Each structure stands twice: as structure tokens, then as C-alpha cells.
Amino acid sequence: MTEKTPAELREQRARLIASTGLTETVLRERAAAFQLYPEHHDIWATVEGIDMHLAELAEGEQSVELKEARALAARWEEKYFELVEKYTPLAVQAAALREWLPTLHRAVESLPAKCRYHDDTTPHGTWREACCDTGIPARRRALAEEGLVTLAEKALSTLTTEEKK
């Protein structure tokens, strides 16, 4: 693998964009709308890869103070969400869950209940998620339904505990 400097990567990026005959803005808009020719799509994917690599390089060049500040901000964010979860009343959490459960049920019900080819969607072996590729949505539906039942039971038990207090 050849190592390129950030300047060489920026130059390569500019040459790639110029080779399409489009501006970067037009290329970006067409990529977002899935309206690129295959050769332009390949170029755009390469440009995105270069951008990610340049971002990683720039992150490595950050000052120690900036890295420490970002780490501190991440710790504060974790602490904030921990406190919100801790001090939000369980009844409020359960009510929100009850409110969203019907929507989640409808979303899960949009998945097929069984594989088109097999009635049993259990995985065959350790490397398969379901009976076949067509059975994967049905298997995921079954797993999601189990999760929703658990969530509903948790919300119900939380409400009963709150009402006893």
C-alpha cells in the first residue's frame, strides 16, 4: 500500500471530481438522489473514502487539549443521559413506552410472518440467521415480537410498582 500525504490526497480528490465533468456540488446532489452513472458513482465512492481518510488524518493532528476536551464532553454527555434516565419518573418512561408500543407493533407486523419457501424460519447452523435469505425478515419479525412482549411486560410491571407506592 502506498502512503500519500494529505496534499496528495486532496490533489487526487480534485482530479477525480474534475474527471466527471461535474462540480462537486452537482456530484454530491446526484449521489444523494441516486442519479449517478456507474462510473461517476465509483468516483464519488472514492472521493468519499478520501474524505473519510483525510478526516481521520486531521483527527490525528489534533492538539492534546482538543482531544482531552472531546473526551471530557463525551463523559459529560454520558453523565447527562445517565441522570436523565435516573431522574425521569418510571411512570413517565412507562407511559412513553405504552404510547409507542402500538406503533412498534404495526411496524413489526409489516414484516412477513413466515418464509415464502419454508414454514420454519429457525437458523440452520451457526452461520445463518434464518432458514434462507427469504426467511430473514420473518425471523427478525419473530425476534422483534419477543422483544415487544418483554417491553410491554416491563412497562406493565413498572406501572403496577408505581401504583403500589
# chains A, B, ... in the order shown; residues from 1 in each chain; ligands from 1
$ closest_atom_pairs --of "range 33-66 of chain A" --to "range 10-22 of chain A" --cutoff "9 Å" --atoms "only C-alpha atoms" --output "CSV"
residue,atom,partner,partner_atom,distance
A:Glu39,CA,A:Thr20,CA,8.6
A:His40,CA,A:Thr20,CA,6.4
A:Ile43,CA,A:Leu16,CA,6.4
A:Trp44,CA,A:Ile17,CA,7.8
A:Thr46,CA,A:Arg13,CA,8.2
A:Val47,CA,A:Arg13,CA,5.8
A:Ile50,CA,A:Arg13,CA,6.9
A:Asp51,CA,A:Arg13,CA,8.3
A:Leu54,CA,A:Arg10,CA,8.3
$ closest_residue --among "A:Asp42, A:Glu29, A:Asp120, A:Glu8" --to "Gly135 in chain A" --atoms "only C-alpha atoms"
A:Asp120
$ select_by_dssp --residues "chain A" --states "helix (DSSP H, G or I)" --output "PyMOL selection string"
chain A and resi 6-20+24-32+38-60+64-87+90-109+133-164
$ atom_distance --atom1 "CA of Leu111 in chain A" --atom2 "CA of Ala138 in chain A"
6.5 Å
$ closest_residue --among "A:Ala7, A:Leu27, A:Pro112, A:Ala155" --to "Ala96 in chain A" --atoms "only C-alpha atoms"
A:Ala155
$ residues_around --residues "Ala130 in chain A" --least-positions-apart "6" --cutoff "9 Å" --atoms "only C-alpha atoms" --output "VMD selection string"
chain A and resid 120 to 124 136 to 140
$ residues_around --residues "Thr134 in chain A" --least-positions-apart "6" --cutoff "8 Å" --atoms "only C-alpha atoms" --output "list of chain:residue names"
A:Cys115, A:Arg116, A:Tyr117
$ write_last_selection --atoms "all heavy atoms" --output "PDB file, in the first residue's frame"
ATOM      1  N   CYS A 115     -41.427 -17.507   5.994  1.00  0.00           N
ATOM      2  CA  CYS A 115     -40.660 -17.550   4.745  1.00  0.00           C
ATOM      3  C   CYS A 115     -41.564 -18.008   3.606  1.00  0.00           C
ATOM      4  O   CYS A 115     -42.445 -18.843   3.804  1.00  0.00           O
ATOM      5  CB  CYS A 115     -39.488 -18.518   4.925  1.00  0.00           C
ATOM      6  SG  CYS A 115     -38.555 -18.837   3.429  1.00  0.00           S
ATOM      7  N   ARG A 116     -41.339 -17.467   2.420  1.00  0.00           N
ATOM      8  CA  ARG A 116     -42.141 -17.880   1.265  1.00  0.00           C
ATOM      9  C   ARG A 116     -41.946 -19.349   0.934  1.00  0.00           C
ATOM     10  O   ARG A 116     -42.836 -19.992   0.386  1.00  0.00           O
ATOM     11  CB  ARG A 116     -41.730 -17.076   0.028  1.00  0.00           C
ATOM     12  CG  ARG A 116     -42.380 -15.756  -0.091  1.00  0.00           C
ATOM     13  CD  ARG A 116     -42.060 -15.152  -1.424  1.00  0.00           C
ATOM     14  NE  ARG A 116     -40.736 -14.534  -1.326  1.00  0.00           N
ATOM     15  CZ  ARG A 116     -40.083 -13.993  -2.323  1.00  0.00           C
ATOM     16  NH1 ARG A 116     -40.605 -14.005  -3.518  1.00  0.00           N
ATOM     17  NH2 ARG A 116     -38.916 -13.440  -2.155  1.00  0.00           N
ATOM     18  N   TYR A 117     -40.782 -19.875   1.262  1.00  0.00           N
ATOM     19  CA  TYR A 117     -40.443 -21.235   0.853  1.00  0.00           C
ATOM     20  C   TYR A 117     -40.507 -22.251   1.986  1.00  0.00           C
ATOM     21  O   TYR A 117     -40.678 -23.433   1.746  1.00  0.00           O
ATOM     22  CB  TYR A 117     -39.039 -21.259   0.240  1.00  0.00           C
ATOM     23  CG  TYR A 117     -38.896 -20.288  -0.899  1.00  0.00           C
ATOM     24  CD1 TYR A 117     -38.121 -19.158  -0.772  1.00  0.00           C
ATOM     25  CD2 TYR A 117     -39.561 -20.487  -2.102  1.00  0.00           C
ATOM     26  CE1 TYR A 117     -37.993 -18.250  -1.817  1.00  0.00           C
ATOM     27  CE2 TYR A 117     -39.447 -19.592  -3.145  1.00  0.00           C
ATOM     28  CZ  TYR A 117     -38.662 -18.479  -2.996  1.00  0.00           C
ATOM     29  OH  TYR A 117     -38.545 -17.596  -4.028  1.00  0.00           O
TER      30      TYR A 117
END
